[in-house]
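S.K.: protein-v2.cif is the file, holding mmCIF, N, CA and C atoms and all ligand atoms:
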data_run
#
loop_
_atom_site.label_atom_id
_atom_site.label_comp_id
_atom_site.auth_asym_id
_atom_site.auth_seq_id
_atom_site.Cartn_x
_atom_site.Cartn_y
_atom_site.Cartn_z
N THR N 23 0.84 -1.20 0.00
CA THR N 23 0.00 0.00 0.00
C THR N 23 0.88 1.25 0.00
N GLU N 24 0.24 2.35 -0.35
CA GLU N 24 0.95 3.60 -0.57
C GLU N 24 0.16 4.72 0.11
N ARG N 25 0.86 5.84 0.39
CA ARG N 25 0.19 7.00 0.97
C ARG N 25 0.41 8.22 0.08
N THR N 26 -0.57 9.10 0.06
CA THR N 26 -0.45 10.35 -0.71
C THR N 26 -1.06 11.50 0.09
N LEU N 27 -0.61 12.71 -0.20
CA LEU N 27 -1.13 13.90 0.47
C LEU N 27 -2.22 14.51 -0.41
N SER N 28 -3.35 14.75 0.19
CA SER N 28 -4.49 15.36 -0.50
C SER N 28 -4.85 16.66 0.21
N ILE N 29 -5.27 17.65 -0.56
CA ILE N 29 -5.80 18.89 0.03
C ILE N 29 -7.15 19.20 -0.61
N ILE N 30 -8.15 19.41 0.21
CA ILE N 30 -9.43 19.94 -0.27
C ILE N 30 -9.30 21.46 -0.18
N LYS N 31 -9.35 22.12 -1.35
CA LYS N 31 -8.98 23.53 -1.47
C LYS N 31 -10.11 24.47 -1.03
N PRO N 32 -9.78 25.77 -0.85
CA PRO N 32 -10.78 26.72 -0.30
C PRO N 32 -12.07 26.83 -1.12
N ASP N 33 -12.02 26.67 -2.43
CA ASP N 33 -13.26 26.78 -3.21
C ASP N 33 -14.24 25.68 -2.82
N ALA N 34 -13.69 24.52 -2.40
CA ALA N 34 -14.54 23.38 -2.03
C ALA N 34 -14.98 23.46 -0.57
N THR N 35 -14.08 23.86 0.34
CA THR N 35 -14.51 23.96 1.75
C THR N 35 -15.58 25.04 1.89
N SER N 36 -15.45 26.13 1.10
CA SER N 36 -16.41 27.23 1.23
C SER N 36 -17.80 26.82 0.73
N ARG N 37 -17.83 25.84 -0.19
CA ARG N 37 -19.12 25.37 -0.70
C ARG N 37 -19.62 24.12 0.05
N ASN N 38 -18.95 23.80 1.18
CA ASN N 38 -19.39 22.69 2.05
C ASN N 38 -19.32 21.34 1.33
N LEU N 39 -18.25 21.12 0.56
CA LEU N 39 -18.14 19.91 -0.25
C LEU N 39 -17.20 18.85 0.34
N THR N 40 -16.71 19.07 1.57
CA THR N 40 -15.74 18.13 2.15
C THR N 40 -16.28 16.69 2.17
N GLY N 41 -17.50 16.54 2.62
CA GLY N 41 -18.07 15.19 2.73
C GLY N 41 -18.26 14.52 1.39
N LYS N 42 -18.73 15.27 0.39
CA LYS N 42 -18.94 14.69 -0.94
C LYS N 42 -17.62 14.28 -1.56
N ILE N 43 -16.58 15.09 -1.34
CA ILE N 43 -15.26 14.76 -1.88
C ILE N 43 -14.68 13.55 -1.15
N ASN N 44 -14.81 13.52 0.17
CA ASN N 44 -14.32 12.36 0.91
C ASN N 44 -15.03 11.08 0.49
N ALA N 45 -16.32 11.17 0.17
CA ALA N 45 -17.06 9.99 -0.29
C ALA N 45 -16.44 9.44 -1.57
N LYS N 46 -16.02 10.33 -2.48
CA LYS N 46 -15.37 9.88 -3.73
C LYS N 46 -14.09 9.10 -3.43
N PHE N 47 -13.30 9.63 -2.48
CA PHE N 47 -12.05 8.92 -2.12
C PHE N 47 -12.38 7.54 -1.55
N GLU N 48 -13.32 7.50 -0.62
CA GLU N 48 -13.62 6.23 0.05
C GLU N 48 -14.24 5.23 -0.92
N GLU N 49 -15.09 5.70 -1.83
CA GLU N 49 -15.68 4.80 -2.83
C GLU N 49 -14.62 4.21 -3.74
N ALA N 50 -13.52 4.95 -3.94
CA ALA N 50 -12.43 4.46 -4.80
C ALA N 50 -11.48 3.54 -4.03
N GLY N 51 -11.76 3.30 -2.75
CA GLY N 51 -10.91 2.39 -1.98
C GLY N 51 -9.76 3.08 -1.27
N LEU N 52 -9.78 4.41 -1.27
CA LEU N 52 -8.75 5.15 -0.54
C LEU N 52 -9.23 5.36 0.90
N ARG N 53 -8.33 5.14 1.86
CA ARG N 53 -8.67 5.31 3.28
C ARG N 53 -8.08 6.62 3.78
N ILE N 54 -8.90 7.42 4.48
CA ILE N 54 -8.42 8.70 5.05
C ILE N 54 -7.78 8.37 6.40
N VAL N 55 -6.42 8.33 6.42
CA VAL N 55 -5.71 7.89 7.64
C VAL N 55 -5.20 9.07 8.47
N ALA N 56 -5.40 10.30 7.97
CA ALA N 56 -5.12 11.52 8.74
C ALA N 56 -5.89 12.65 8.08
N GLN N 57 -6.37 13.60 8.88
CA GLN N 57 -7.14 14.70 8.30
C GLN N 57 -7.23 15.86 9.29
N LYS N 58 -7.01 17.08 8.82
CA LYS N 58 -7.28 18.26 9.65
C LYS N 58 -7.62 19.46 8.78
N ARG N 59 -8.43 20.34 9.36
CA ARG N 59 -8.84 21.57 8.67
C ARG N 59 -7.99 22.71 9.22
N ILE N 60 -7.32 23.41 8.34
CA ILE N 60 -6.38 24.46 8.75
C ILE N 60 -6.53 25.68 7.84
N GLN N 61 -6.03 26.81 8.31
CA GLN N 61 -5.97 28.04 7.51
C GLN N 61 -4.49 28.30 7.20
N LEU N 62 -4.11 28.26 5.93
CA LEU N 62 -2.73 28.54 5.54
C LEU N 62 -2.52 30.04 5.41
N SER N 63 -1.34 30.52 5.79
CA SER N 63 -0.95 31.89 5.44
C SER N 63 -0.47 31.87 3.99
N LYS N 64 -0.35 33.04 3.38
CA LYS N 64 0.18 33.12 2.02
C LYS N 64 1.61 32.58 1.96
N GLU N 65 2.35 32.85 3.03
CA GLU N 65 3.75 32.38 3.10
C GLU N 65 3.80 30.85 3.14
N GLN N 66 2.93 30.25 3.95
CA GLN N 66 2.91 28.78 4.03
C GLN N 66 2.47 28.16 2.70
N ALA N 67 1.47 28.78 2.06
CA ALA N 67 1.03 28.28 0.75
C ALA N 67 2.19 28.38 -0.25
N GLY N 68 2.93 29.47 -0.19
CA GLY N 68 4.07 29.68 -1.08
C GLY N 68 5.16 28.65 -0.87
N GLU N 69 5.38 28.29 0.40
CA GLU N 69 6.38 27.26 0.72
C GLU N 69 5.91 25.90 0.18
N PHE N 70 4.65 25.58 0.39
CA PHE N 70 4.12 24.29 -0.07
C PHE N 70 4.22 24.17 -1.59
N TYR N 71 3.91 25.25 -2.31
CA TYR N 71 3.87 25.22 -3.78
C TYR N 71 5.15 25.79 -4.41
N LYS N 72 6.27 25.76 -3.66
CA LYS N 72 7.48 26.44 -4.17
C LYS N 72 8.00 25.88 -5.50
N VAL N 73 7.69 24.61 -5.82
CA VAL N 73 8.09 24.08 -7.15
C VAL N 73 7.49 24.89 -8.29
N HIS N 74 6.39 25.58 -8.01
CA HIS N 74 5.74 26.38 -9.05
C HIS N 74 6.13 27.87 -9.00
N ALA N 75 7.16 28.20 -8.23
CA ALA N 75 7.51 29.61 -7.99
C ALA N 75 7.74 30.42 -9.26
N GLU N 76 8.22 29.78 -10.31
CA GLU N 76 8.51 30.52 -11.55
C GLU N 76 7.32 30.56 -12.51
N ARG N 77 6.25 29.85 -12.16
CA ARG N 77 5.08 29.81 -13.07
C ARG N 77 4.30 31.12 -12.95
N PRO N 78 3.67 31.56 -14.05
CA PRO N 78 2.96 32.84 -14.05
C PRO N 78 1.78 32.90 -13.06
N PHE N 79 1.22 31.72 -12.73
CA PHE N 79 0.05 31.71 -11.86
C PHE N 79 0.42 31.56 -10.37
N TYR N 80 1.71 31.58 -10.04
CA TYR N 80 2.16 31.29 -8.66
C TYR N 80 1.53 32.23 -7.62
N GLY N 81 1.55 33.55 -7.89
CA GLY N 81 1.02 34.52 -6.93
C GLY N 81 -0.46 34.29 -6.67
N GLU N 82 -1.18 34.10 -7.76
CA GLU N 82 -2.63 33.86 -7.72
C GLU N 82 -2.92 32.55 -6.95
N LEU N 83 -2.11 31.52 -7.20
CA LEU N 83 -2.29 30.22 -6.55
C LEU N 83 -2.09 30.35 -5.04
N CYS N 84 -1.06 31.07 -4.62
CA CYS N 84 -0.78 31.22 -3.18
C CYS N 84 -1.88 32.03 -2.50
N GLU N 85 -2.35 33.08 -3.15
CA GLU N 85 -3.46 33.88 -2.60
C GLU N 85 -4.71 33.02 -2.43
N PHE N 86 -5.00 32.25 -3.47
CA PHE N 86 -6.18 31.39 -3.43
C PHE N 86 -6.08 30.37 -2.30
N MET N 87 -4.93 29.72 -2.16
CA MET N 87 -4.78 28.66 -1.15
C MET N 87 -4.86 29.22 0.28
N ALA N 88 -4.61 30.55 0.41
CA ALA N 88 -4.69 31.19 1.72
C ALA N 88 -6.02 31.93 1.91
N SER N 89 -6.93 31.81 0.94
CA SER N 89 -8.16 32.62 0.96
C SER N 89 -9.23 32.06 1.89
N GLY N 90 -9.02 30.86 2.42
CA GLY N 90 -9.98 30.25 3.32
C GLY N 90 -9.44 28.93 3.82
N PRO N 91 -10.18 28.24 4.69
CA PRO N 91 -9.69 26.97 5.24
C PRO N 91 -9.48 25.91 4.16
N VAL N 92 -8.52 25.05 4.40
CA VAL N 92 -8.31 23.86 3.56
C VAL N 92 -8.39 22.64 4.49
N VAL N 93 -8.70 21.49 3.91
CA VAL N 93 -8.64 20.23 4.65
C VAL N 93 -7.46 19.45 4.08
N VAL N 94 -6.44 19.23 4.91
CA VAL N 94 -5.28 18.45 4.47
C VAL N 94 -5.46 17.03 5.00
N GLN N 95 -5.10 16.06 4.18
CA GLN N 95 -5.37 14.68 4.56
C GLN N 95 -4.35 13.73 3.95
N VAL N 96 -4.18 12.60 4.59
CA VAL N 96 -3.35 11.53 4.04
C VAL N 96 -4.28 10.41 3.61
N LEU N 97 -4.16 10.02 2.34
CA LEU N 97 -4.96 8.92 1.80
C LEU N 97 -4.06 7.71 1.64
N GLU N 98 -4.57 6.55 2.01
CA GLU N 98 -3.79 5.32 1.95
C GLU N 98 -4.53 4.26 1.14
N GLY N 99 -3.80 3.50 0.36
CA GLY N 99 -4.39 2.40 -0.40
C GLY N 99 -3.42 1.88 -1.43
N GLU N 100 -3.85 0.87 -2.15
CA GLU N 100 -3.08 0.32 -3.26
C GLU N 100 -2.90 1.40 -4.33
N SER N 101 -1.67 1.67 -4.74
CA SER N 101 -1.39 2.70 -5.75
C SER N 101 -2.13 4.01 -5.45
N ALA N 102 -2.05 4.45 -4.21
CA ALA N 102 -2.84 5.60 -3.76
C ALA N 102 -2.56 6.87 -4.57
N ILE N 103 -1.31 7.07 -4.97
CA ILE N 103 -0.97 8.31 -5.69
C ILE N 103 -1.70 8.37 -7.03
N THR N 104 -1.57 7.31 -7.80
CA THR N 104 -2.22 7.24 -9.12
C THR N 104 -3.74 7.20 -8.98
N LYS N 105 -4.21 6.39 -8.03
CA LYS N 105 -5.66 6.27 -7.84
C LYS N 105 -6.27 7.61 -7.46
N ASN N 106 -5.60 8.34 -6.56
CA ASN N 106 -6.12 9.65 -6.16
C ASN N 106 -6.17 10.59 -7.35
N ARG N 107 -5.13 10.59 -8.19
CA ARG N 107 -5.13 11.49 -9.33
C ARG N 107 -6.22 11.12 -10.34
N GLU N 108 -6.54 9.81 -10.43
CA GLU N 108 -7.66 9.40 -11.28
C GLU N 108 -8.98 9.94 -10.74
N VAL N 109 -9.16 9.83 -9.43
CA VAL N 109 -10.41 10.29 -8.81
C VAL N 109 -10.53 11.82 -8.91
N MET N 110 -9.37 12.53 -8.83
CA MET N 110 -9.40 14.00 -8.95
C MET N 110 -9.79 14.44 -10.36
N GLY N 111 -9.26 13.79 -11.38
CA GLY N 111 -9.47 14.21 -12.78
C GLY N 111 -8.44 15.25 -13.18
N ALA N 112 -8.48 15.67 -14.44
CA ALA N 112 -7.49 16.58 -15.01
C ALA N 112 -7.49 17.93 -14.27
N THR N 113 -6.33 18.59 -14.26
CA THR N 113 -6.15 19.89 -13.58
C THR N 113 -7.24 20.88 -14.00
N ASN N 114 -7.47 20.96 -15.32
CA ASN N 114 -8.50 21.85 -15.86
C ASN N 114 -9.84 21.09 -15.91
N PRO N 115 -10.84 21.55 -15.16
CA PRO N 115 -12.11 20.81 -15.12
C PRO N 115 -12.73 20.59 -16.50
N ALA N 116 -12.42 21.46 -17.45
CA ALA N 116 -12.95 21.30 -18.81
C ALA N 116 -12.41 20.02 -19.46
N ASP N 117 -11.25 19.54 -18.99
CA ASP N 117 -10.64 18.32 -19.54
C ASP N 117 -10.87 17.10 -18.66
N ALA N 118 -11.55 17.28 -17.53
CA ALA N 118 -11.67 16.18 -16.56
C ALA N 118 -12.77 15.20 -16.97
N ASP N 119 -12.48 13.90 -16.80
CA ASP N 119 -13.45 12.86 -17.13
C ASP N 119 -14.68 12.95 -16.23
N GLU N 120 -15.80 12.54 -16.81
CA GLU N 120 -17.07 12.53 -16.09
C GLU N 120 -16.96 11.70 -14.80
N GLY N 121 -17.54 12.18 -13.73
CA GLY N 121 -17.53 11.44 -12.47
C GLY N 121 -16.35 11.78 -11.58
N THR N 122 -15.34 12.46 -12.13
CA THR N 122 -14.20 12.85 -11.30
C THR N 122 -14.56 14.06 -10.43
N ILE N 123 -13.77 14.27 -9.37
CA ILE N 123 -14.03 15.39 -8.46
C ILE N 123 -13.98 16.72 -9.20
N ARG N 124 -12.96 16.90 -10.03
CA ARG N 124 -12.84 18.18 -10.71
C ARG N 124 -13.94 18.38 -11.75
N ALA N 125 -14.38 17.33 -12.44
CA ALA N 125 -15.48 17.46 -13.39
C ALA N 125 -16.75 17.89 -12.65
N GLU N 126 -16.97 17.33 -11.48
CA GLU N 126 -18.22 17.62 -10.77
C GLU N 126 -18.19 18.93 -9.99
N PHE N 127 -17.02 19.27 -9.43
CA PHE N 127 -17.00 20.35 -8.44
C PHE N 127 -16.11 21.54 -8.77
N ALA N 128 -15.05 21.36 -9.58
CA ALA N 128 -14.08 22.45 -9.76
C ALA N 128 -14.71 23.61 -10.52
N GLU N 129 -14.23 24.82 -10.18
CA GLU N 129 -14.80 26.03 -10.79
C GLU N 129 -13.95 26.53 -11.96
N SER N 130 -12.63 26.25 -11.93
CA SER N 130 -11.72 26.72 -12.98
C SER N 130 -10.41 25.97 -12.83
N VAL N 131 -9.46 26.21 -13.76
CA VAL N 131 -8.16 25.53 -13.71
C VAL N 131 -7.41 25.90 -12.43
N GLY N 132 -7.64 27.08 -11.90
CA GLY N 132 -7.00 27.49 -10.66
C GLY N 132 -7.76 27.01 -9.44
N GLU N 133 -9.05 27.29 -9.42
CA GLU N 133 -9.90 26.92 -8.27
C GLU N 133 -10.50 25.54 -8.55
N ASN N 134 -9.62 24.53 -8.42
CA ASN N 134 -10.00 23.20 -8.89
C ASN N 134 -10.18 22.18 -7.77
N SER N 135 -10.58 22.66 -6.60
CA SER N 135 -11.16 21.85 -5.51
C SER N 135 -10.23 20.91 -4.75
N VAL N 136 -9.24 20.33 -5.43
CA VAL N 136 -8.37 19.36 -4.74
C VAL N 136 -6.94 19.44 -5.24
N HIS N 137 -6.03 19.04 -4.36
CA HIS N 137 -4.63 18.80 -4.71
C HIS N 137 -4.29 17.36 -4.39
N GLY N 138 -3.42 16.74 -5.19
CA GLY N 138 -2.90 15.42 -4.85
C GLY N 138 -1.44 15.32 -5.24
N SER N 139 -0.63 14.67 -4.41
CA SER N 139 0.79 14.49 -4.72
C SER N 139 0.95 13.78 -6.07
N ASP N 140 2.09 14.05 -6.73
CA ASP N 140 2.24 13.49 -8.08
C ASP N 140 3.28 12.36 -8.19
N ALA N 141 3.99 12.03 -7.11
CA ALA N 141 5.01 10.97 -7.16
C ALA N 141 5.36 10.56 -5.73
N PRO N 142 5.96 9.39 -5.55
CA PRO N 142 6.28 8.91 -4.20
C PRO N 142 7.17 9.90 -3.41
N GLU N 143 8.15 10.52 -4.06
CA GLU N 143 9.05 11.44 -3.35
C GLU N 143 8.28 12.67 -2.89
N THR N 144 7.46 13.26 -3.77
CA THR N 144 6.71 14.45 -3.39
C THR N 144 5.64 14.09 -2.35
N ALA N 145 5.07 12.90 -2.43
CA ALA N 145 4.06 12.47 -1.45
C ALA N 145 4.70 12.44 -0.06
N ALA N 146 5.87 11.85 0.07
CA ALA N 146 6.55 11.77 1.37
C ALA N 146 6.86 13.16 1.90
N GLU N 147 7.36 14.04 1.03
CA GLU N 147 7.68 15.41 1.42
C GLU N 147 6.43 16.18 1.86
N GLU N 148 5.37 16.05 1.07
CA GLU N 148 4.14 16.81 1.34
C GLU N 148 3.43 16.30 2.60
N ILE N 149 3.46 14.99 2.84
CA ILE N 149 2.87 14.44 4.07
C ILE N 149 3.63 15.00 5.27
N ALA N 150 4.96 15.01 5.20
CA ALA N 150 5.79 15.50 6.31
C ALA N 150 5.61 17.00 6.53
N PHE N 151 5.21 17.73 5.47
CA PHE N 151 4.97 19.17 5.58
C PHE N 151 3.82 19.44 6.56
N PHE N 152 2.81 18.58 6.58
CA PHE N 152 1.60 18.83 7.38
C PHE N 152 1.44 17.92 8.60
N PHE N 153 2.00 16.71 8.58
CA PHE N 153 1.68 15.73 9.61
C PHE N 153 2.94 15.13 10.24
N SER N 154 2.84 14.82 11.54
CA SER N 154 3.85 14.00 12.20
C SER N 154 3.39 12.55 12.08
N GLY N 155 4.32 11.64 12.24
CA GLY N 155 4.00 10.21 12.12
C GLY N 155 2.88 9.78 13.05
N LEU N 156 2.83 10.35 14.25
CA LEU N 156 1.83 9.96 15.26
C LEU N 156 0.41 10.35 14.86
N GLU N 157 0.29 11.31 13.93
CA GLU N 157 -1.05 11.78 13.53
C GLU N 157 -1.66 10.92 12.43
N ILE N 158 -0.90 9.96 11.91
CA ILE N 158 -1.35 9.16 10.77
C ILE N 158 -1.68 7.75 11.27
N VAL N 159 -2.98 7.43 11.26
CA VAL N 159 -3.40 6.13 11.78
C VAL N 159 -4.42 5.47 10.85
P1 LIG P 201 -2.23 19.85 -7.82
O1 LIG P 201 -0.73 19.97 -7.79
O2 LIG P 201 -2.95 20.98 -7.11
O3 LIG P 201 -2.72 18.49 -7.41
P2 LIG P 201 -2.04 19.39 -10.62
O4 LIG P 201 -0.87 18.51 -10.29
O5 LIG P 201 -3.15 18.81 -11.42
O6 LIG P 201 -2.71 19.97 -9.33
P3 LIG P 201 -0.14 21.45 -11.26
O7 LIG P 201 0.36 21.61 -12.64
O8 LIG P 201 0.76 20.81 -10.24
O9 LIG P 201 -1.55 20.71 -11.32
O10 LIG P 201 -0.58 22.91 -10.75
C1 LIG P 201 -0.76 23.14 -9.37
C2 LIG P 201 -1.99 23.98 -9.18
O11 LIG P 201 -1.78 25.27 -9.74
C3 LIG P 201 -3.26 23.47 -9.91
O12 LIG P 201 -3.95 22.50 -9.17
C4 LIG P 201 -4.07 24.75 -10.02
O13 LIG P 201 -4.72 25.07 -8.80
C5 LIG P 201 -2.99 25.79 -10.28
N1 LIG P 201 -2.82 26.02 -11.71
C6 LIG P 201 -2.25 25.18 -12.61
N2 LIG P 201 -2.27 25.69 -13.85
C7 LIG P 201 -2.88 26.91 -13.74
C8 LIG P 201 -3.21 27.94 -14.65
N3 LIG P 201 -2.94 27.84 -15.94
N4 LIG P 201 -3.84 29.06 -14.17
C9 LIG P 201 -4.13 29.17 -12.85
N5 LIG P 201 -3.83 28.22 -11.93
C10 LIG P 201 -3.23 27.10 -12.36
MG MG P 202 0.74 19.11 -8.99
#
Turn this file's structure into structure tokens for me.

M.R.:
Amino acid sequence: TERTLSIIKPDATSRNLTGKINAKFEEAGLRIVAQKRIQLSKEQAGEFYKVHAERPFYGELCEFMASGPVVVQVLEGESAITKNREVMGATNPADADEGTIRAEFAESVGENSVHGSDAPETAAEEIAFFFSGLEIV
């Protein structure tokens, strides 16, 4: 089994979609083994997304991620990283397959409801960014 870091973004928490999104994860066989609702500062969002620092949308992305509460969570399961990205759908909701979280809930390519780690190395780094080992059960 594998673990991945998931974030339910401010556009989704503000629309009260946490439960519906969690249902999609659980229906796909992903187990929520850690979860907390937090408010990121712009600086913390910038640190989390620093790989995108040179991208034109970086400032907008950091502002958005700090614009309201997020739910950070660790998902566990067989091929959790790939499975989670399948359940999320494409970054741009216009390209996301039917039934995916982004197809159903995302508002735009920026305000796209969820984040998921993209590889084992980034998953380990991103999980450690938010959680201590004792918080993951
Ligand atoms: P995430 O990393 O959030 O799971 P992703 O891996 O599908 O999403 P990335 O390319 O890593 O997409 O981009 C990170 C985030 O930056 C996207 O989820 C989205 O919120 C934002 N983003 C990406 N492309 C754009 C864009 N063209 N305009 C505005 N925001 C964007
Ligand atoms: Mg990404």

S.K.: Between chain N and ligand MG 202 (chain P), at 6.5 Å or less, what are the per-residue closest atom pairs and their distances in Å? Count all atoms listed in the file, order by chain and rising residue number, and return it as a tab-separated table.

M.R.:
residue	atom	partner	partner_atom	distance
N:Gly138	C	P:MG202	MG	5.8
N:Ser139	C	P:MG202	MG	6.1
N:Asp140	N	P:MG202	MG	5.7

S.K.: Using 8 Å as the limit and counting only C-alpha atoms and all ligand atoms, can you tabulate each residue of chain N that touches ligand LIG 201 (chain P), with its shortest atom-to-atom distance in Å and the two atoms involved, as JSON lines?

M.R.:
{"residue": "N:Ser28", "atom": "CA", "partner": "P:LIG201", "partner_atom": "O3", "distance": 7.8}
{"residue": "N:Ile29", "atom": "CA", "partner": "P:LIG201", "partner_atom": "O2", "distance": 8.0}
{"residue": "N:Tyr71", "atom": "CA", "partner": "P:LIG201", "partner_atom": "C1", "distance": 7.6}
{"residue": "N:His74", "atom": "CA", "partner": "P:LIG201", "partner_atom": "C1", "distance": 7.3}
{"residue": "N:Pro78", "atom": "CA", "partner": "P:LIG201", "partner_atom": "N4", "distance": 7.8}
{"residue": "N:Phe79", "atom": "CA", "partner": "P:LIG201", "partner_atom": "C9", "distance": 5.0}
{"residue": "N:Tyr80", "atom": "CA", "partner": "P:LIG201", "partner_atom": "O11", "distance": 7.3}
{"residue": "N:Glu82", "atom": "CA", "partner": "P:LIG201", "partner_atom": "C9", "distance": 7.1}
{"residue": "N:Leu83", "atom": "CA", "partner": "P:LIG201", "partner_atom": "C5", "distance": 5.8}
{"residue": "N:Arg107", "atom": "CA", "partner": "P:LIG201", "partner_atom": "O3", "distance": 7.6}
{"residue": "N:Gly111", "atom": "CA", "partner": "P:LIG201", "partner_atom": "O5", "distance": 7.9}
{"residue": "N:Ala112", "atom": "CA", "partner": "P:LIG201", "partner_atom": "O5", "distance": 6.1}
{"residue": "N:Thr113", "atom": "CA", "partner": "P:LIG201", "partner_atom": "O5", "distance": 3.9}
{"residue": "N:Asn114", "atom": "CA", "partner": "P:LIG201", "partner_atom": "O5", "distance": 7.6}
{"residue": "N:Ser130", "atom": "CA", "partner": "P:LIG201", "partner_atom": "C9", "distance": 8.0}
{"residue": "N:Val131", "atom": "CA", "partner": "P:LIG201", "partner_atom": "C10", "distance": 5.3}
{"residue": "N:Gly132", "atom": "CA", "partner": "P:LIG201", "partner_atom": "N5", "distance": 3.5}
{"residue": "N:Glu133", "atom": "CA", "partner": "P:LIG201", "partner_atom": "O13", "distance": 5.5}
{"residue": "N:Asn134", "atom": "CA", "partner": "P:LIG201", "partner_atom": "O13", "distance": 5.6}
{"residue": "N:Ser135", "atom": "CA", "partner": "P:LIG201", "partner_atom": "O13", "distance": 7.9}
{"residue": "N:Val136", "atom": "CA", "partner": "P:LIG201", "partner_atom": "O2", "distance": 6.1}
{"residue": "N:His137", "atom": "CA", "partner": "P:LIG201", "partner_atom": "O3", "distance": 3.3}
{"residue": "N:Gly138", "atom": "CA", "partner": "P:LIG201", "partner_atom": "O3", "distance": 4.0}
{"residue": "N:Ser139", "atom": "CA", "partner": "P:LIG201", "partner_atom": "O3", "distance": 6.0}
{"residue": "N:Asp140", "atom": "CA", "partner": "P:LIG201", "partner_atom": "O4", "distance": 6.3}

S.K.: Using N, CA and C atoms, can you export the residues from the last selection as an mmCIF file, keeping the file's coordinate frame?

M.R.:
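Result went into result.cif, see below:
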data_model
loop_
_atom_site.group_PDB
_atom_site.id
_atom_site.type_symbol
_atom_site.label_atom_id
_atom_site.label_comp_id
_atom_site.auth_asym_id
_atom_site.auth_seq_id
_atom_site.Cartn_x
_atom_site.Cartn_y
_atom_site.Cartn_z
ATOM 1 N N SER N 28 -3.350 14.750 0.190
ATOM 2 C CA SER N 28 -4.490 15.360 -0.500
ATOM 3 C C SER N 28 -4.850 16.660 0.210
ATOM 4 N N ILE N 29 -5.270 17.650 -0.560
ATOM 5 C CA ILE N 29 -5.800 18.890 0.030
ATOM 6 C C ILE N 29 -7.150 19.200 -0.610
ATOM 7 N N TYR N 71 3.910 25.250 -2.310
ATOM 8 C CA TYR N 71 3.870 25.220 -3.780
ATOM 9 C C TYR N 71 5.150 25.790 -4.410
ATOM 10 N N HIS N 74 6.390 25.580 -8.010
ATOM 11 C CA HIS N 74 5.740 26.380 -9.050
ATOM 12 C C HIS N 74 6.130 27.870 -9.000
ATOM 13 N N PRO N 78 3.670 31.560 -14.050
ATOM 14 C CA PRO N 78 2.960 32.840 -14.050
ATOM 15 C C PRO N 78 1.780 32.900 -13.060
ATOM 16 N N PHE N 79 1.220 31.720 -12.730
ATOM 17 C CA PHE N 79 0.050 31.710 -11.860
ATOM 18 C C PHE N 79 0.420 31.560 -10.370
ATOM 19 N N TYR N 80 1.710 31.580 -10.040
ATOM 20 C CA TYR N 80 2.160 31.290 -8.660
ATOM 21 C C TYR N 80 1.530 32.230 -7.620
ATOM 22 N N GLU N 82 -1.180 34.100 -7.760
ATOM 23 C CA GLU N 82 -2.630 33.860 -7.720
ATOM 24 C C GLU N 82 -2.920 32.550 -6.950
ATOM 25 N N LEU N 83 -2.110 31.520 -7.200
ATOM 26 C CA LEU N 83 -2.290 30.220 -6.550
ATOM 27 C C LEU N 83 -2.090 30.350 -5.040
ATOM 28 N N ARG N 107 -5.130 10.590 -8.190
ATOM 29 C CA ARG N 107 -5.130 11.490 -9.330
ATOM 30 C C ARG N 107 -6.220 11.120 -10.340
ATOM 31 N N GLY N 111 -9.260 13.790 -11.380
ATOM 32 C CA GLY N 111 -9.470 14.210 -12.780
ATOM 33 C C GLY N 111 -8.440 15.250 -13.180
ATOM 34 N N ALA N 112 -8.480 15.670 -14.440
ATOM 35 C CA ALA N 112 -7.490 16.580 -15.010
ATOM 36 C C ALA N 112 -7.490 17.930 -14.270
ATOM 37 N N THR N 113 -6.330 18.590 -14.260
ATOM 38 C CA THR N 113 -6.150 19.890 -13.580
ATOM 39 C C THR N 113 -7.240 20.880 -14.000
ATOM 40 N N ASN N 114 -7.470 20.960 -15.320
ATOM 41 C CA ASN N 114 -8.500 21.850 -15.860
ATOM 42 C C ASN N 114 -9.840 21.090 -15.910
ATOM 43 N N SER N 130 -12.630 26.250 -11.930
ATOM 44 C CA SER N 130 -11.720 26.720 -12.980
ATOM 45 C C SER N 130 -10.410 25.970 -12.830
ATOM 46 N N VAL N 131 -9.460 26.210 -13.760
ATOM 47 C CA VAL N 131 -8.160 25.530 -13.710
ATOM 48 C C VAL N 131 -7.410 25.900 -12.430
ATOM 49 N N GLY N 132 -7.640 27.080 -11.900
ATOM 50 C CA GLY N 132 -7.000 27.490 -10.660
ATOM 51 C C GLY N 132 -7.760 27.010 -9.440
ATOM 52 N N GLU N 133 -9.050 27.290 -9.420
ATOM 53 C CA GLU N 133 -9.900 26.920 -8.270
ATOM 54 C C GLU N 133 -10.500 25.540 -8.550
ATOM 55 N N ASN N 134 -9.620 24.530 -8.420
ATOM 56 C CA ASN N 134 -10.000 23.200 -8.890
ATOM 57 C C ASN N 134 -10.180 22.180 -7.770
ATOM 58 N N SER N 135 -10.580 22.660 -6.600
ATOM 59 C CA SER N 135 -11.160 21.850 -5.510
ATOM 60 C C SER N 135 -10.230 20.910 -4.750
ATOM 61 N N VAL N 136 -9.240 20.330 -5.430
ATOM 62 C CA VAL N 136 -8.370 19.360 -4.740
ATOM 63 C C VAL N 136 -6.940 19.440 -5.240
ATOM 64 N N HIS N 137 -6.030 19.040 -4.360
ATOM 65 C CA HIS N 137 -4.630 18.800 -4.710
ATOM 66 C C HIS N 137 -4.290 17.360 -4.390
ATOM 67 N N GLY N 138 -3.420 16.740 -5.190
ATOM 68 C CA GLY N 138 -2.900 15.420 -4.850
ATOM 69 C C GLY N 138 -1.440 15.320 -5.240
ATOM 70 N N SER N 139 -0.630 14.670 -4.410
ATOM 71 C CA SER N 139 0.790 14.490 -4.720
ATOM 72 C C SER N 139 0.950 13.780 -6.070
ATOM 73 N N ASP N 140 2.090 14.050 -6.730
ATOM 74 C CA ASP N 140 2.240 13.490 -8.080
ATOM 75 C C ASP N 140 3.280 12.360 -8.190
#

S.K.: Using only C-alpha atoms, find each residue of region 77-143 of chain N with at least one atom at most 9 Å away from an atom of region 36-40 of chain N; report its shortest atom-to-atom pair and that distance in Å (one decimal), sort the rows by chain and rising residue number, and return the result as a tab-separated table.

M.R.:
residue	atom	partner	partner_atom	distance
N:Gly90	CA	N:Ser36	CA	7.4
N:Pro91	CA	N:Ser36	CA	7.8
N:Val93	CA	N:Thr40	CA	7.8
N:Phe127	CA	N:Leu39	CA	8.3
N:Ser135	CA	N:Leu39	CA	9.0
